[in-house]
>>> print(open('structure-v3.txt').read())   # compact mmCIF, C-alpha atoms (C1' of nucleotides) and all ligand atoms
# COMPACT_ATOMS: atom_id res chain seq x y z
CA MET W 1 222.54 -37.96 14.26
CA VAL W 2 219.57 -40.23 14.94
CA SER W 3 221.81 -43.27 14.67
CA MET W 4 224.70 -41.64 16.47
CA LEU W 5 227.37 -44.15 17.33
CA GLU W 6 227.47 -45.53 20.83
CA ARG W 7 231.09 -44.44 21.07
CA ASP W 8 230.41 -40.87 19.94
CA MET W 9 227.55 -40.62 22.40
CA ARG W 10 229.58 -41.80 25.37
CA GLU W 11 232.24 -39.32 24.36
CA LYS W 12 229.70 -36.50 24.20
CA PHE W 13 228.57 -37.30 27.72
CA ARG W 14 232.10 -37.61 29.03
CA ARG W 15 233.22 -34.30 27.56
CA SER W 16 230.31 -32.65 29.35
CA GLY W 17 231.13 -34.29 32.67
CA TYR W 18 228.20 -36.70 32.61
CA THR W 19 227.89 -40.43 32.21
CA LEU W 20 225.65 -42.31 29.81
CA THR W 21 223.48 -44.21 32.25
CA SER W 22 220.78 -46.70 31.41
CA GLN W 23 218.10 -44.20 32.42
CA ARG W 24 219.46 -41.51 30.14
CA ARG W 25 219.70 -43.95 27.28
CA ALA W 26 216.13 -45.06 27.99
CA VAL W 27 214.94 -41.46 27.72
CA LEU W 28 216.66 -41.09 24.37
CA ASP W 29 215.09 -44.36 23.18
CA ALA W 30 211.68 -43.19 24.36
CA LEU W 31 212.08 -39.97 22.39
CA ARG W 32 212.85 -42.04 19.32
CA ASP W 33 209.81 -44.24 19.96
CA CYS W 34 207.43 -41.33 20.42
CA LYS W 35 209.01 -39.91 17.25
CA GLY W 36 207.24 -36.63 17.81
CA HIS W 37 207.43 -33.90 20.38
CA PRO W 38 206.51 -35.57 23.66
CA SER W 39 206.19 -33.95 27.05
CA ALA W 40 208.23 -35.12 30.04
CA GLU W 41 205.19 -37.06 31.21
CA GLU W 42 204.86 -38.83 27.85
CA VAL W 43 208.56 -39.69 27.84
CA TYR W 44 208.12 -41.01 31.37
CA LEU W 45 205.25 -43.29 30.32
CA ALA W 46 207.28 -44.60 27.36
CA VAL W 47 210.31 -45.25 29.55
CA LYS W 48 208.20 -47.02 32.17
CA LYS W 49 207.04 -49.59 29.64
CA ARG W 50 210.54 -51.02 29.55
CA ASN W 51 211.68 -50.15 33.03
CA PRO W 52 208.78 -49.63 35.48
CA ARG W 53 211.14 -48.60 38.29
CA VAL W 54 212.18 -45.31 36.71
CA ALA W 55 211.01 -42.17 38.50
CA LEU W 56 209.41 -39.14 36.91
CA GLY W 57 211.96 -36.87 38.56
CA THR W 58 214.71 -38.87 36.91
CA VAL W 59 213.15 -38.31 33.51
CA TYR W 60 213.06 -34.57 34.12
CA GLN W 61 216.67 -34.60 35.19
CA ALA W 62 217.73 -36.76 32.26
CA LEU W 63 215.93 -34.47 29.82
CA SER W 64 217.70 -31.47 31.24
CA VAL W 65 221.08 -33.16 30.97
CA LEU W 66 220.37 -34.27 27.40
CA GLU W 67 219.37 -30.73 26.54
CA GLU W 68 222.48 -29.30 28.16
CA ILE W 69 224.80 -31.47 26.13
CA GLY W 70 222.88 -30.71 22.94
CA LEU W 71 221.35 -34.09 22.13
CA ILE W 72 217.79 -32.81 22.36
CA GLU W 73 215.97 -29.48 22.45
CA ALA W 74 213.25 -28.22 24.77
CA LYS W 75 210.44 -26.34 23.04
CA HIS W 76 208.15 -23.90 24.76
CA TRP W 77 204.74 -22.62 23.74
CA SER W 78 202.24 -20.41 25.49
CA GLU W 79 200.80 -23.49 27.17
CA THR W 80 202.56 -26.07 29.29
CA PRO W 81 203.95 -28.68 29.30
CA VAL W 82 207.31 -28.25 27.61
CA ARG W 83 207.85 -30.53 24.61
CA TYR W 84 211.13 -32.23 23.76
CA ASP W 85 212.58 -32.65 20.30
CA LEU W 86 215.24 -35.09 19.08
CA ASN W 87 215.58 -33.03 15.92
CA THR W 88 218.27 -30.49 16.70
CA GLU W 89 218.50 -29.21 13.12
CA PRO W 90 217.15 -25.66 12.79
CA HIS W 91 213.46 -25.95 11.96
CA HIS W 92 210.06 -24.65 12.99
CA ASP W 93 207.33 -26.49 14.90
CA ILE W 94 203.66 -25.55 15.13
CA ARG W 95 201.37 -26.51 18.01
CA CYS W 96 197.61 -26.96 17.73
CA ALA W 97 195.92 -24.68 20.24
CA LYS W 98 192.98 -27.07 20.49
CA CYS W 99 194.54 -30.52 20.96
CA GLY W 100 198.23 -29.72 21.53
CA ALA W 101 199.53 -31.75 18.59
CA VAL W 102 202.90 -30.54 17.37
CA ALA W 103 204.09 -30.81 13.78
CA GLU W 104 207.18 -29.71 11.96
CA ILE W 105 207.07 -27.08 9.23
CA PRO W 106 209.57 -28.05 6.54
CA GLY W 107 211.26 -25.78 4.08
CA VAL W 108 210.95 -22.49 5.87
CA GLU W 109 214.02 -20.67 7.05
CA PHE W 110 214.00 -17.07 8.14
CA GLU W 111 216.93 -14.75 8.43
CA ASP W 112 218.92 -14.73 11.64
CA PHE W 113 216.91 -12.46 13.88
CA ALA W 114 219.52 -11.95 16.58
CA SER W 115 221.80 -9.54 14.72
CA ARG W 116 219.14 -7.01 13.76
CA LEU W 117 217.70 -7.11 17.27
CA GLN W 118 221.14 -6.71 18.82
CA GLU W 119 221.57 -3.34 17.11
CA ASN W 120 218.51 -1.99 18.84
CA THR W 121 218.87 -3.14 22.44
CA PRO W 122 221.49 -2.76 25.16
CA TYR W 123 220.73 -6.35 26.19
CA GLU W 124 223.02 -9.10 24.96
CA VAL W 125 220.68 -11.13 22.76
CA THR W 126 221.21 -14.82 23.45
CA ASN W 127 218.15 -16.33 21.85
CA ALA W 128 215.39 -15.32 19.43
CA SER W 129 213.03 -18.00 18.23
CA LEU W 130 209.61 -18.21 16.68
CA VAL W 131 206.68 -19.59 18.63
CA ILE W 132 204.05 -20.77 16.19
CA GLU W 133 200.51 -21.77 17.06
CA GLY W 134 197.53 -22.81 15.00
CA VAL W 135 194.79 -25.36 14.46
CA CYS W 136 195.56 -28.83 13.14
CA PRO W 137 193.56 -30.33 10.25
CA ALA W 138 191.66 -32.72 12.55
CA CYS W 139 190.59 -29.99 14.94
CA ARG W 140 189.65 -27.69 12.10
CA LEU W 141 186.99 -30.14 10.93
CA GLU W 142 185.19 -30.42 14.26
CA SER W 143 184.69 -26.68 14.66
CA MET Q 1 195.34 4.49 23.49
CA VAL Q 2 197.00 5.07 26.86
CA SER Q 3 194.62 7.93 27.56
CA MET Q 4 191.65 6.20 26.02
CA LEU Q 5 188.43 7.99 26.81
CA GLU Q 6 186.28 6.69 29.62
CA ARG Q 7 183.36 6.54 27.20
CA ASP Q 8 185.28 4.55 24.57
CA MET Q 9 186.48 2.13 27.19
CA ARG Q 10 183.04 1.46 28.58
CA GLU Q 11 181.86 0.92 25.03
CA LYS Q 12 184.67 -1.57 24.37
CA PHE Q 13 183.68 -3.55 27.43
CA ARG Q 14 179.99 -3.45 26.59
CA ARG Q 15 180.49 -4.62 23.01
CA SER Q 16 182.40 -7.63 24.35
CA GLY Q 17 179.67 -8.46 26.86
CA TYR Q 18 181.64 -7.33 29.90
CA THR Q 19 181.29 -4.44 32.30
CA LEU Q 20 183.94 -1.98 33.37
CA THR Q 21 184.14 -2.69 37.08
CA SER Q 22 186.28 -0.90 39.63
CA GLN Q 23 188.53 -3.93 39.90
CA ARG Q 24 189.14 -4.08 36.15
CA ARG Q 25 189.87 -0.37 36.07
CA ALA Q 26 192.25 -0.82 39.01
CA VAL Q 27 194.14 -3.49 37.09
CA LEU Q 28 194.49 -1.15 34.10
CA ASP Q 29 195.68 1.64 36.39
CA ALA Q 30 198.19 -0.69 38.02
CA LEU Q 31 199.56 -1.64 34.60
CA ARG Q 32 200.01 2.04 33.87
CA ASP Q 33 201.76 2.57 37.23
CA CYS Q 34 204.14 -0.35 36.78
CA LYS Q 35 204.74 1.04 33.28
CA GLY Q 36 206.63 -2.07 32.36
CA HIS Q 37 205.78 -5.68 31.88
CA PRO Q 38 204.52 -6.84 35.27
CA SER Q 39 203.44 -10.31 36.24
CA ALA Q 40 199.97 -11.02 37.63
CA GLU Q 41 201.48 -11.04 41.11
CA GLU Q 42 203.06 -7.62 40.57
CA VAL Q 43 199.81 -6.21 39.25
CA TYR Q 44 198.10 -7.67 42.30
CA LEU Q 45 200.51 -5.93 44.68
CA ALA Q 46 200.04 -2.61 42.87
CA VAL Q 47 196.26 -2.94 42.95
CA LYS Q 48 196.29 -3.84 46.64
CA LYS Q 49 197.98 -0.54 47.51
CA ARG Q 50 194.79 1.29 46.61
CA ASN Q 51 192.26 -1.41 47.40
CA PRO Q 52 193.55 -3.99 49.91
CA ARG Q 53 190.39 -6.06 49.58
CA VAL Q 54 191.05 -7.20 46.02
CA ALA Q 55 191.80 -10.90 45.54
CA LEU Q 56 194.60 -12.38 43.47
CA GLY Q 57 192.11 -14.53 41.59
CA THR Q 58 190.23 -11.41 40.59
CA VAL Q 59 193.40 -9.94 39.14
CA TYR Q 60 193.97 -13.06 37.07
CA GLN Q 61 190.40 -12.96 35.85
CA ALA Q 62 190.55 -9.24 35.08
CA LEU Q 63 193.79 -9.69 33.14
CA SER Q 64 192.25 -12.43 31.05
CA VAL Q 65 189.19 -10.29 30.29
CA LEU Q 66 191.37 -7.30 29.41
CA GLU Q 67 193.41 -9.49 27.10
CA GLU Q 68 190.30 -10.94 25.49
CA ILE Q 69 188.92 -7.52 24.59
CA GLY Q 70 192.30 -6.37 23.32
CA LEU Q 71 193.25 -3.73 25.88
CA ILE Q 72 196.39 -5.59 26.97
CA GLU Q 73 198.57 -8.44 25.76
CA ALA Q 74 199.95 -11.45 27.61
CA LYS Q 75 203.59 -12.25 26.83
CA HIS Q 76 205.17 -15.63 27.33
CA TRP Q 77 208.81 -16.58 27.67
CA SER Q 78 210.50 -19.88 28.45
CA GLU Q 79 210.19 -19.07 32.13
CA THR Q 80 207.10 -18.25 34.11
CA PRO Q 81 205.36 -16.08 35.15
CA VAL Q 82 203.47 -14.57 32.22
CA ARG Q 83 204.03 -10.83 31.78
CA TYR Q 84 201.35 -8.34 30.77
CA ASP Q 85 201.79 -5.44 28.40
CA LEU Q 86 199.66 -2.33 27.97
CA ASN Q 87 201.42 -1.63 24.69
CA THR Q 88 199.35 -3.41 22.06
CA GLU Q 89 201.23 -1.90 19.12
CA PRO Q 90 203.32 -4.51 17.29
CA HIS Q 91 206.75 -4.53 18.90
CA HIS Q 92 209.34 -6.88 20.37
CA ASP Q 93 210.25 -7.41 24.02
CA ILE Q 94 213.41 -9.00 25.39
CA ARG Q 95 213.67 -10.71 28.76
CA CYS Q 96 216.84 -10.99 30.83
CA ALA Q 97 217.49 -14.66 31.57
CA LYS Q 98 219.29 -13.73 34.79
CA CYS Q 99 216.99 -11.23 36.52
CA GLY Q 100 213.82 -11.40 34.44
CA ALA Q 101 213.75 -7.71 33.50
CA VAL Q 102 211.81 -7.07 30.31
CA ALA Q 103 212.57 -4.23 27.90
CA GLU Q 104 211.14 -3.17 24.59
CA ILE Q 105 213.19 -3.26 21.41
CA PRO Q 106 212.26 -0.24 19.31
CA GLY Q 107 212.59 0.15 15.57
CA VAL Q 108 212.68 -3.49 14.55
CA GLU Q 109 209.93 -4.91 12.43
CA PHE Q 110 210.17 -8.24 10.66
CA GLU Q 111 208.09 -9.46 7.79
CA ASP Q 112 204.81 -11.16 8.51
CA PHE Q 113 205.84 -14.70 9.32
CA ALA Q 114 202.41 -16.27 9.15
CA SER Q 115 201.96 -16.26 5.38
CA ARG Q 116 205.21 -18.02 4.51
CA LEU Q 117 204.60 -20.58 7.24
CA GLN Q 118 201.03 -21.15 6.08
CA GLU Q 119 202.26 -22.34 2.68
CA ASN Q 120 204.22 -25.13 4.29
CA THR Q 121 201.84 -26.60 6.86
CA PRO Q 122 198.36 -28.10 6.79
CA TYR Q 123 197.70 -26.38 10.13
CA GLU Q 124 195.83 -23.09 10.11
CA VAL Q 125 198.48 -20.68 11.42
CA THR Q 126 196.89 -18.38 13.98
CA ASN Q 127 199.95 -16.91 15.65
CA ALA Q 128 203.69 -16.64 15.05
CA SER Q 129 205.68 -14.42 17.36
CA LEU Q 130 209.27 -14.01 18.38
CA VAL Q 131 210.42 -14.95 21.86
CA ILE Q 132 213.59 -13.05 22.63
CA GLU Q 133 215.90 -13.67 25.56
CA GLY Q 134 219.20 -12.18 26.62
CA VAL Q 135 221.21 -10.57 29.41
CA CYS Q 136 220.46 -7.05 30.57
CA PRO Q 137 223.27 -4.47 30.99
CA ALA Q 138 223.17 -4.68 34.79
CA CYS Q 139 223.46 -8.47 34.86
CA ARG Q 140 226.18 -8.43 32.25
CA LEU Q 141 228.45 -6.46 34.57
CA GLU Q 142 228.23 -8.84 37.52
CA SER Q 143 229.26 -11.89 35.53
C1' DT B 1 162.09 2.29 43.30
C1' DT B 2 161.76 -2.62 43.68
C1' DC B 3 162.22 -7.19 42.65
C1' DG B 4 164.26 -10.95 40.13
C1' DT B 5 168.12 -12.27 37.25
C1' DT B 6 172.69 -12.34 35.89
C1' DA B 7 177.54 -11.14 36.33
C1' DA B 8 181.55 -10.34 39.14
C1' DT B 9 184.17 -10.79 43.41
C1' DA B 10 186.66 -12.58 47.75
C1' DA B 11 188.36 -16.25 49.93
C1' DT B 12 190.15 -20.41 49.61
C1' DA B 13 190.92 -24.99 47.85
C1' DA B 14 192.61 -27.60 44.10
C1' DC B 15 195.57 -28.30 40.21
C1' DC B 16 199.56 -29.36 37.45
C1' DA B 17 204.13 -29.08 35.78
C1' DT B 18 208.27 -28.95 37.67
C1' DT B 19 211.87 -28.89 41.24
C1' DC B 20 213.85 -30.21 45.55
C1' DC B 21 215.26 -33.45 49.17
C1' DT B 22 217.04 -37.65 51.17
C1' DG B 23 218.87 -42.00 51.78
C1' DA B 24 220.17 -45.83 48.76
C1' DA B 25 222.49 -47.59 44.69
C1' DA B 26 225.72 -47.32 41.02
C1' DA B 27 229.75 -45.67 38.80
C1' DA B 28 234.28 -43.80 38.73
C1' DA B 29 238.65 -43.02 40.78
C1' DG B 30 242.41 -44.42 43.53
C1' DC M 1 238.78 -53.85 46.93
C1' DT M 2 237.88 -49.11 49.16
C1' DT M 3 236.84 -44.53 48.86
C1' DT M 4 234.72 -40.75 46.58
C1' DT M 5 231.47 -38.92 43.45
C1' DT M 6 227.53 -39.21 40.71
C1' DT M 7 223.01 -40.70 39.89
C1' DC M 8 218.60 -42.49 41.19
C1' DA M 9 213.86 -43.62 43.38
C1' DG M 10 210.48 -42.13 45.99
C1' DG M 11 208.12 -38.72 47.75
C1' DA M 12 207.44 -34.01 49.51
C1' DA M 13 207.40 -29.26 48.29
C1' DT M 14 206.91 -25.27 45.25
C1' DG M 15 205.00 -21.70 42.24
C1' DG M 16 201.96 -20.08 39.01
C1' DT M 17 197.45 -20.55 37.76
C1' DT M 18 192.58 -22.15 37.70
C1' DA M 19 188.27 -23.84 39.89
C1' DT M 20 184.70 -23.63 43.50
C1' DT M 21 181.43 -21.46 46.28
C1' DA M 22 179.07 -18.29 48.90
C1' DT M 23 178.46 -13.31 48.85
C1' DT M 24 178.02 -8.87 46.66
C1' DA M 25 177.23 -5.76 42.89
C1' DA M 26 175.22 -4.53 38.46
C1' DC M 27 171.41 -4.88 35.24
C1' DG M 28 166.70 -4.90 33.43
C1' DA M 29 162.18 -5.19 33.33
C1' DA M 30 157.81 -3.97 35.66
MN MN W 201 210.59 -30.46 15.76
MN MN W 202 206.22 -4.43 25.45
ZN ZN W 203 194.33 -30.24 16.95
ZN ZN W 204 219.26 -8.83 34.24
>>> encode(input="structure-v3.txt", output="structure tokens", more="lines below")
Ligand SMILES: [Mn+2]
Ligand SMILES: [Mn+2]
Ligand SMILES: [Zn+2]
Ligand SMILES: [Zn+2]
Amino acid sequence: MVSMLERDMREKFRRSGYTLTSQRRAVLDALRDCKGHPSAEEVYLAVKKRNPRVALGTVYQALSVLEEIGLIEAKHWSETPVRYDLNTEPHHDIRCAKCGAVAEIPGVEFEDFASRLQENTPYEVTNASLVIEGVCPACRLES
Amino acid sequence: MVSMLERDMREKFRRSGYTLTSQRRAVLDALRDCKGHPSAEEVYLAVKKRNPRVALGTVYQALSVLEEIGLIEAKHWSETPVRYDLNTEPHHDIRCAKCGAVAEIPGVEFEDFASRLQENTPYEVTNASLVIEGVCPACRLES
DNA sequence: TTCGTTAATAATAACCATTCCTGAAAAAAG
DNA sequence: CTTTTTTCAGGAATGGTTATTATTAACGAA
């Protein structure tokens, strides 16, 4: 997935009614460079290094298109900003409440929450995900 | 808990180094009136009905104090604003992605996530909660 | 009570992440 | 090519929330 073929990618855009523009590709490249869970602002700074003419609004729009077509995922915590994730495999991320660093938690998979919830609410459950917060090793030392 | 004694409440404030002011009581009363999961703005409007002199900033500050001493809980979803909940018993809430209505989901209790996560991350896990989104019955009809 | 000290409030400005708007540029379609 | 549609850059606007400051209320000794 990380090294998705150029052809496959173009096709994914086309099927969704979008085009693979240089800006959108630059945002994807930036996400690979950051290789973490960057905010829109951080993606913007990474993109600007190569192309200083790109606008922050464009990055936001590109991120939302990339999310819509399923190439990336937006992750929310109790504090802004939203973080973006190239890893679309099911997995859990934890965010340090002190410094904001996000890390992945490997090897933990919980049951599918949606079904059990669906039996107990008249709402149509469309999404149920864990939000995990904590303190990273570095921040734990200085406290 | 809902009909917590005046005396107990005062004591809870005092132990936390705060005082039970008329504004803070008004915010609690408003939360009871709304009897749902109101935003700060909605609490503000409810409080203003009785005391038009109260300031929005005061409501935000009161809510954060009430949360700190454990009388209410703040609930976050992928969309703002934050909602506040008088019900501090462990339970799940679902938010309609279309209209924002929040409802409680009774009778569902999942295992304690924190422990299993803790074994797989160097972070100190301080919080792991489900964020649940869906479509309410009313919104489902008009689609 | 009174005075001095601290905490809380009202009003308003500032903040920050995000979205919206507009005219220009680029891409796609014909 | 020419026309039509999509995307973009730049910048203004928005919405929820927090910070600032002067005023008011609560507290705590004499
Ligand atoms: Mn991740
Ligand atoms: Mn609730
Ligand atoms: Zn940290
Ligand atoms: Zn609804």
>>> closest_atom_pairs(input="structure-v3.txt", of="chain Q", to="chain B", cutoff="8 Å", atoms="all atoms listed in the file", output="Markdown table")
| residue | atom | partner | partner_atom | distance |
| --- | --- | --- | --- | --- |
| Q:Arg53 | CA | B:DA10 | C1' | 7.7 |
| Q:Val54 | CA | B:DA10 | C1' | 7.2 |
| Q:Ala55 | CA | B:DA10 | C1' | 5.8 |
| Q:Thr58 | CA | B:DT9 | C1' | 6.7 |
>>> residues_near_ligand(input="structure-v3.txt", ligand="ligand MN 201 (chain W)", cutoff="6 Å", atoms="only C-alpha atoms (C1' of nucleotides) and all ligand atoms", output="VMD selection string")
chain W and resid 85 87 93 104
>>> atom_distance(input="structure-v3.txt", atom1="atom CA of Val102 of chain Q", atom2="atom CA of Gly70 of chain W")
27.1 Å
>>> residues_near_point(input="structure-v3.txt", point="(214.8, -13.5, 28.1)", cutoff="7 Å", atoms="all atoms listed in the file", output="JSON, numbers by chain")
{"Q": [77, 94, 95, 96, 97, 100, 132, 133, 134]}
>>> write_last_selection(input="structure-v3.txt", atoms="C-alpha atoms", output="JSON list (two decimals), in the coordinates of the input")
[["chain", "number", "residue", "atom", "x", "y", "z"],
["Q", 77, "TRP", "CA", 208.81, -16.58, 27.67],
["Q", 94, "ILE", "CA", 213.41, -9.00, 25.39],
["Q", 95, "ARG", "CA", 213.67, -10.71, 28.76],
["Q", 96, "CYS", "CA", 216.84, -10.99, 30.83],
["Q", 97, "ALA", "CA", 217.49, -14.66, 31.57],
["Q", 100, "GLY", "CA", 213.82, -11.40, 34.44],
["Q", 132, "ILE", "CA", 213.59, -13.05, 22.63],
["Q", 133, "GLU", "CA", 215.90, -13.67, 25.56],
["Q", 134, "GLY", "CA", 219.20, -12.18, 26.62]]
>>> calpha_fit_and_write(input="structure-v3.txt", fixed="chain Q", moving="chain W", output="compact mmCIF listing (two decimals) with C-alpha atoms, in the frame of the given file")
# COMPACT_ATOMS: atom_id res chain seq x y z
CA MET W 1 195.39 4.55 23.49
CA VAL W 2 197.02 5.09 26.88
CA SER W 3 194.63 7.93 27.60
CA MET W 4 191.66 6.19 26.05
CA LEU W 5 188.45 7.99 26.82
CA GLU W 6 186.29 6.69 29.62
CA ARG W 7 183.39 6.52 27.19
CA ASP W 8 185.31 4.56 24.55
CA MET W 9 186.50 2.14 27.20
CA ARG W 10 183.05 1.46 28.59
CA GLU W 11 181.88 0.91 25.04
CA LYS W 12 184.70 -1.55 24.38
CA PHE W 13 183.68 -3.55 27.43
CA ARG W 14 180.01 -3.44 26.56
CA ARG W 15 180.54 -4.60 23.00
CA SER W 16 182.42 -7.60 24.37
CA GLY W 17 179.70 -8.44 26.87
CA TYR W 18 181.65 -7.30 29.92
CA THR W 19 181.29 -4.42 32.32
CA LEU W 20 183.97 -1.96 33.38
CA THR W 21 184.13 -2.67 37.08
CA SER W 22 186.26 -0.90 39.64
CA GLN W 23 188.53 -3.94 39.91
CA ARG W 24 189.14 -4.07 36.18
CA ARG W 25 189.85 -0.38 36.09
CA ALA W 26 192.23 -0.81 39.03
CA VAL W 27 194.14 -3.48 37.11
CA LEU W 28 194.49 -1.16 34.14
CA ASP W 29 195.69 1.64 36.44
CA ALA W 30 198.19 -0.71 38.05
CA LEU W 31 199.56 -1.63 34.63
CA ARG W 32 200.02 2.05 33.91
CA ASP W 33 201.75 2.56 37.26
CA CYS W 34 204.13 -0.34 36.80
CA LYS W 35 204.73 1.07 33.31
CA GLY W 36 206.64 -2.03 32.35
CA HIS W 37 205.78 -5.65 31.87
CA PRO W 38 204.52 -6.82 35.26
CA SER W 39 203.42 -10.30 36.22
CA ALA W 40 199.95 -11.00 37.61
CA GLU W 41 201.47 -11.03 41.08
CA GLU W 42 203.06 -7.61 40.57
CA VAL W 43 199.79 -6.19 39.25
CA TYR W 44 198.08 -7.67 42.29
CA LEU W 45 200.51 -5.96 44.68
CA ALA W 46 200.03 -2.62 42.88
CA VAL W 47 196.25 -2.95 42.97
CA LYS W 48 196.30 -3.87 46.66
CA LYS W 49 197.99 -0.60 47.55
CA ARG W 50 194.80 1.24 46.67
CA ASN W 51 192.28 -1.45 47.44
CA PRO W 52 193.57 -4.06 49.92
CA ARG W 53 190.40 -6.16 49.59
CA VAL W 54 191.05 -7.25 46.02
CA ALA W 55 191.81 -10.94 45.53
CA LEU W 56 194.61 -12.41 43.46
CA GLY W 57 192.14 -14.59 41.58
CA THR W 58 190.25 -11.47 40.59
CA VAL W 59 193.39 -9.95 39.13
CA TYR W 60 193.98 -13.06 37.05
CA GLN W 61 190.42 -12.98 35.82
CA ALA W 62 190.54 -9.26 35.09
CA LEU W 63 193.78 -9.68 33.15
CA SER W 64 192.24 -12.39 31.05
CA VAL W 65 189.19 -10.28 30.30
CA LEU W 66 191.35 -7.27 29.42
CA GLU W 67 193.39 -9.46 27.11
CA GLU W 68 190.29 -10.89 25.48
CA ILE W 69 188.91 -7.49 24.62
CA GLY W 70 192.29 -6.34 23.33
CA LEU W 71 193.24 -3.70 25.89
CA ILE W 72 196.37 -5.53 26.98
CA GLU W 73 198.57 -8.37 25.76
CA ALA W 74 199.94 -11.40 27.59
CA LYS W 75 203.57 -12.20 26.82
CA HIS W 76 205.14 -15.58 27.32
CA TRP W 77 208.78 -16.56 27.65
CA SER W 78 210.46 -19.84 28.43
CA GLU W 79 210.14 -19.05 32.12
CA THR W 80 207.04 -18.22 34.10
CA PRO W 81 205.30 -16.05 35.12
CA VAL W 82 203.45 -14.52 32.20
CA ARG W 83 204.02 -10.79 31.77
CA TYR W 84 201.34 -8.30 30.76
CA ASP W 85 201.79 -5.40 28.39
CA LEU W 86 199.66 -2.27 27.97
CA ASN W 87 201.43 -1.58 24.69
CA THR W 88 199.34 -3.35 22.08
CA GLU W 89 201.24 -1.85 19.14
CA PRO W 90 203.31 -4.47 17.30
CA HIS W 91 206.75 -4.50 18.91
CA HIS W 92 209.35 -6.85 20.35
CA ASP W 93 210.25 -7.37 24.00
CA ILE W 94 213.40 -8.98 25.38
CA ARG W 95 213.65 -10.69 28.77
CA CYS W 96 216.83 -10.99 30.82
CA ALA W 97 217.46 -14.65 31.56
CA LYS W 98 219.27 -13.73 34.77
CA CYS W 99 216.97 -11.22 36.52
CA GLY W 100 213.78 -11.39 34.43
CA ALA W 101 213.74 -7.70 33.48
CA VAL W 102 211.81 -7.04 30.30
CA ALA W 103 212.58 -4.22 27.89
CA GLU W 104 211.17 -3.14 24.58
CA ILE W 105 213.21 -3.25 21.39
CA PRO W 106 212.28 -0.24 19.28
CA GLY W 107 212.61 0.12 15.56
CA VAL W 108 212.68 -3.49 14.53
CA GLU W 109 209.92 -4.93 12.42
CA PHE W 110 210.17 -8.24 10.66
CA GLU W 111 208.09 -9.47 7.79
CA ASP W 112 204.80 -11.18 8.54
CA PHE W 113 205.84 -14.73 9.30
CA ALA W 114 202.41 -16.32 9.13
CA SER W 115 201.98 -16.33 5.35
CA ARG W 116 205.23 -18.08 4.50
CA LEU W 117 204.63 -20.64 7.24
CA GLN W 118 201.07 -21.22 6.08
CA GLU W 119 202.31 -22.42 2.69
CA ASN W 120 204.28 -25.19 4.31
CA THR W 121 201.91 -26.67 6.88
CA PRO W 122 198.43 -28.18 6.80
CA TYR W 123 197.75 -26.45 10.13
CA GLU W 124 195.87 -23.17 10.10
CA VAL W 125 198.49 -20.75 11.41
CA THR W 126 196.89 -18.45 13.96
CA ASN W 127 199.93 -16.96 15.63
CA ALA W 128 203.67 -16.67 15.03
CA SER W 129 205.67 -14.46 17.34
CA LEU W 130 209.26 -14.01 18.36
CA VAL W 131 210.41 -14.94 21.84
CA ILE W 132 213.59 -13.04 22.61
CA GLU W 133 215.88 -13.65 25.55
CA GLY W 134 219.18 -12.18 26.61
CA VAL W 135 221.18 -10.57 29.39
CA CYS W 136 220.45 -7.04 30.56
CA PRO W 137 223.26 -4.48 30.97
CA ALA W 138 223.15 -4.69 34.79
CA CYS W 139 223.43 -8.47 34.85
CA ARG W 140 226.16 -8.44 32.24
CA LEU W 141 228.43 -6.47 34.56
CA GLU W 142 228.19 -8.86 37.50
CA SER W 143 229.22 -11.92 35.51
>>> closest_residue(input="structure-v3.txt", among="Q:Cys136, Q:Ala26, Q:Leu63, Q:Val43", to="ligand ZN 204 (chain W)", atoms="only C-alpha atoms and all ligand atoms")
Q:Cys136
>>> interface_residues(input="structure-v3.txt", of="chain M", to="chain Q", cutoff="10 Å", atoms="only C-alpha atoms (C1' of nucleotides)", output="list in words")
DG15, DG16, DT17, DT18, DA25 and DA26 of chain M
>>> atom_distance(input="structure-v3.txt", atom1="atom CA of Ile105 of chain W", atom2="atom CA of Glu73 of chain Q")
26.3 Å
>>> residues_around(input="structure-v3.txt", residues="Tyr84 of chain Q", least_positions_apart="3", cutoff="9 Å", atoms="only C-alpha atoms (C1' of nucleotides)", output="VMD selection string")
chain Q and resid 31 36 to 40 43 63 67 72 to 76
>>> interface_residues(input="structure-v3.txt", of="chain W", to="chain Q", cutoff="7 Å", atoms="only C-alpha atoms", output="PyMOL selection string")
chain W and resi 76+78+105-106+108+117+120-137
